[in-house]
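Enquirer: One structure follows; several queries about it will come next.
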Amino acid sequence: MNEIKKPQVRFITIDSEDAGQRIDNFLLKTLKGVPKSMIYRLLRKGEIRVNKKRTKPEYKLVDEDVLRIAPIRVSEKTNEVSTQLNVVSNLEAQILYEDEILIVINKPSGMAVHGGSGVSFGVIEALRALRPEARMLELVHRLDRDTSGCLVVAKKRSALRNLHEQLRNKKVQKFYHALVKGRWSPKLTRVTESLKKNDLKSGERVVVVDNINGKESETRYKVIQHYNNATLVRAFPVTGRTHQIRVHCQVKGHPIACDPKYGNEDFDGDMKGIGVKRLFLHAASIEFTHPRTEQKLKIEAPLDKTLAKALKQLTVANNG
């Protein structure tokens, strides 16, 4: 229903979760549907006050600040994400773990993590539709659109800050499973080629190996299973560069199955013949310290049915 609610004065008391952030950023998240330009105008005119005083957009909120927000009339968005859409309602079944501060979801392949660049909505917008009561839902990290698997979403700013710090300090371990071309040598356990992002005239972004101008990158690998003409490997990205696992597989002569940017046409044709219609790269597990309990948490995401079925059709190779 797209009713226009009668606006009223709102009072918000800031708690420790919201303290420390700029008031303009807080209002953008709190006053859903209110344009940024209007928020700046309301602050300038004194229609939004902190502790009864006018304030500037860059003001950083303090615990127990009291915000007074004058009545604002804004029509409910007509383009809100519908929870009736199959792709949205199906996400509920993909939630692997949820508590009062975190959600870990098994992101489907082909779904962006957020809307933009021609995508009307992504995982985060869909989750906000499924959890309208949540004051905050923010991505802790990202996954490529074509990659499936573990994606962590924070419900609290304190959890987001804590997990970002763990990521910076390399305390988060993300393990991926990839089906690659050919026989990956068990001795090939580290790939360290530097990577550089290139934007093509078409607007497409590709990543190339550039050991002079590129950024240092490292991925560690372990063979899970050899098949005839293919290998299932576990990849652990020590660094987090764009398309890192995909390019590191390609540069070693083992492109990932059905990779539209860095794949091998003949190999992809064989894989499509057994039902692989998407990039075979899956964030299989993630390990981190729970921000509140401080207990180690490991979440695993099962392969989707099409990839699991495809593996069963491959012939297991002799490891000798």
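Naming works like this for the structure tokens: A, B, ... for the chains as they're shown, residue 1 at the start of each chain, ligands 1 onward in shown order.
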Residues near Glu58 in chain A, anyone? I mean within 12 Å using only C-alpha atoms, not counting same-chain ones fewer than 4 positions away, as a VMD selection string.
Expert: chain A and resid 20 to 27 40 43 to 44
Enquirer: Give me a file of those residues, with all heavy atoms, as a short mmCIF file (atom, residue, chain, number, x, y, z; two decimals), in the first residue's frame.
Expert:
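File produced: selection.cif:
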data_model
loop_
_atom_site.label_atom_id
_atom_site.label_comp_id
_atom_site.auth_asym_id
_atom_site.auth_seq_id
_atom_site.Cartn_x
_atom_site.Cartn_y
_atom_site.Cartn_z
N GLY A 20 29.04 8.61 17.02
CA GLY A 20 30.28 8.62 16.26
C GLY A 20 30.11 8.84 14.77
O GLY A 20 31.07 9.16 14.07
N GLN A 21 28.89 8.69 14.24
CA GLN A 21 28.70 8.90 12.82
C GLN A 21 28.17 10.31 12.54
O GLN A 21 27.56 10.94 13.41
CB GLN A 21 27.79 7.84 12.21
CG GLN A 21 26.37 7.84 12.72
CD GLN A 21 25.55 6.74 12.06
OE1 GLN A 21 25.50 6.61 10.84
NE2 GLN A 21 24.91 5.92 12.88
N ARG A 22 28.41 10.78 11.34
CA ARG A 22 27.92 12.11 10.95
C ARG A 22 26.40 12.12 10.92
O ARG A 22 25.77 11.12 10.53
CB ARG A 22 28.47 12.49 9.58
CG ARG A 22 29.92 12.91 9.59
CD ARG A 22 30.46 13.09 8.18
NE ARG A 22 29.60 13.94 7.37
CZ ARG A 22 30.04 14.94 6.59
NH1 ARG A 22 31.33 15.21 6.54
NH2 ARG A 22 29.19 15.65 5.85
N ILE A 23 25.83 13.26 11.27
CA ILE A 23 24.37 13.34 11.34
C ILE A 23 23.74 13.19 9.96
O ILE A 23 22.67 12.59 9.84
CB ILE A 23 23.91 14.66 12.02
CG1 ILE A 23 22.40 14.59 12.29
CG2 ILE A 23 24.31 15.89 11.22
CD1 ILE A 23 21.89 15.73 13.16
N ASP A 24 24.39 13.70 8.90
CA ASP A 24 23.79 13.56 7.57
C ASP A 24 23.71 12.10 7.15
O ASP A 24 22.69 11.64 6.60
CB ASP A 24 24.52 14.41 6.52
CG ASP A 24 26.02 14.12 6.45
OD1 ASP A 24 26.55 13.39 7.31
OD2 ASP A 24 26.66 14.66 5.52
N ASN A 25 24.76 11.32 7.46
CA ASN A 25 24.73 9.89 7.12
C ASN A 25 23.68 9.15 7.94
O ASN A 25 22.98 8.26 7.43
CB ASN A 25 26.11 9.27 7.34
CG ASN A 25 27.14 9.80 6.37
OD1 ASN A 25 26.81 10.16 5.24
ND2 ASN A 25 28.39 9.85 6.78
N PHE A 26 23.56 9.51 9.22
CA PHE A 26 22.56 8.89 10.08
C PHE A 26 21.15 9.17 9.56
O PHE A 26 20.30 8.27 9.50
CB PHE A 26 22.70 9.41 11.51
CG PHE A 26 21.59 8.98 12.43
CD1 PHE A 26 21.57 7.70 12.97
CD2 PHE A 26 20.54 9.84 12.75
CE1 PHE A 26 20.54 7.29 13.81
CE2 PHE A 26 19.51 9.44 13.58
CZ PHE A 26 19.50 8.17 14.13
N LEU A 27 20.90 10.42 9.15
CA LEU A 27 19.56 10.79 8.67
C LEU A 27 19.22 10.12 7.35
O LEU A 27 18.07 9.75 7.11
CB LEU A 27 19.47 12.32 8.54
CG LEU A 27 19.50 13.09 9.88
CD1 LEU A 27 19.71 14.57 9.63
CD2 LEU A 27 18.22 12.85 10.67
N TYR A 40 19.79 18.12 3.78
CA TYR A 40 20.69 19.28 3.95
C TYR A 40 19.88 20.57 4.14
O TYR A 40 20.26 21.43 4.94
CB TYR A 40 21.64 19.40 2.76
CG TYR A 40 22.82 18.47 2.86
CD1 TYR A 40 22.74 17.14 2.42
CD2 TYR A 40 24.03 18.90 3.41
CE1 TYR A 40 23.82 16.29 2.52
CE2 TYR A 40 25.12 18.05 3.52
CZ TYR A 40 25.02 16.74 3.08
OH TYR A 40 26.09 15.88 3.19
N LEU A 43 18.43 20.65 7.69
CA LEU A 43 19.47 20.99 8.66
C LEU A 43 19.79 22.49 8.61
O LEU A 43 19.92 23.14 9.65
CB LEU A 43 20.74 20.17 8.38
CG LEU A 43 20.72 18.70 8.81
CD1 LEU A 43 21.87 17.93 8.17
CD2 LEU A 43 20.79 18.56 10.33
N ARG A 44 19.88 23.01 7.39
CA ARG A 44 20.23 24.42 7.22
C ARG A 44 19.15 25.33 7.81
O ARG A 44 19.45 26.36 8.42
CB ARG A 44 20.42 24.71 5.73
CG ARG A 44 21.07 26.06 5.42
CD ARG A 44 21.44 26.20 3.96
NE ARG A 44 20.31 26.07 3.07
CZ ARG A 44 20.10 25.05 2.23
NH1 ARG A 44 20.96 24.05 2.18
NH2 ARG A 44 19.04 25.01 1.45
#
Enquirer: Using DSSP on the backbone coordinates, identify all residues within range 95-319 of chain A classified as alpha helix (DSSP H); present the result as a PyMOL selection string.
Expert: chain A and resi 123-130+157-168+244-251+265-273+305-313
Enquirer: Given only C-alpha atoms as the basis, pick out the residue of A:His114, A:Asp65, A:Arg145, A:Ala159 nearest to Glu294 in chain A.
Expert: A:Ala159
Enquirer: With distances taken over only C-alpha atoms, which of A:Asn106, A:Thr30, A:Thr306, A:Asn86 is nearest to Leu151 in chain A?
Expert: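 Residue with the minimum atom-to-atom distance to Leu151 in chain A: A:Asn106.
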Enquirer: Mind checking which residues fall within 9 Å of Leu127 in chain A, counting only C-alpha atoms, ignoring those fewer than 6 positions away in the same chain, and posting them as a PDB file with C-alpha atoms, in the first residue's frame?
Expert:
ATOM      1  CA  VAL A  88      13.261 -12.011  -2.817  1.00  0.00           C
ATOM      2  CA  LEU A  91      16.294 -15.434  -0.040  1.00  0.00           C
ATOM      3  CA  GLU A  92      14.620 -16.278   3.268  1.00  0.00           C
ATOM      4  CA  LEU A 137      21.297  -3.651   7.442  1.00  0.00           C
TER       5      LEU A 137
END
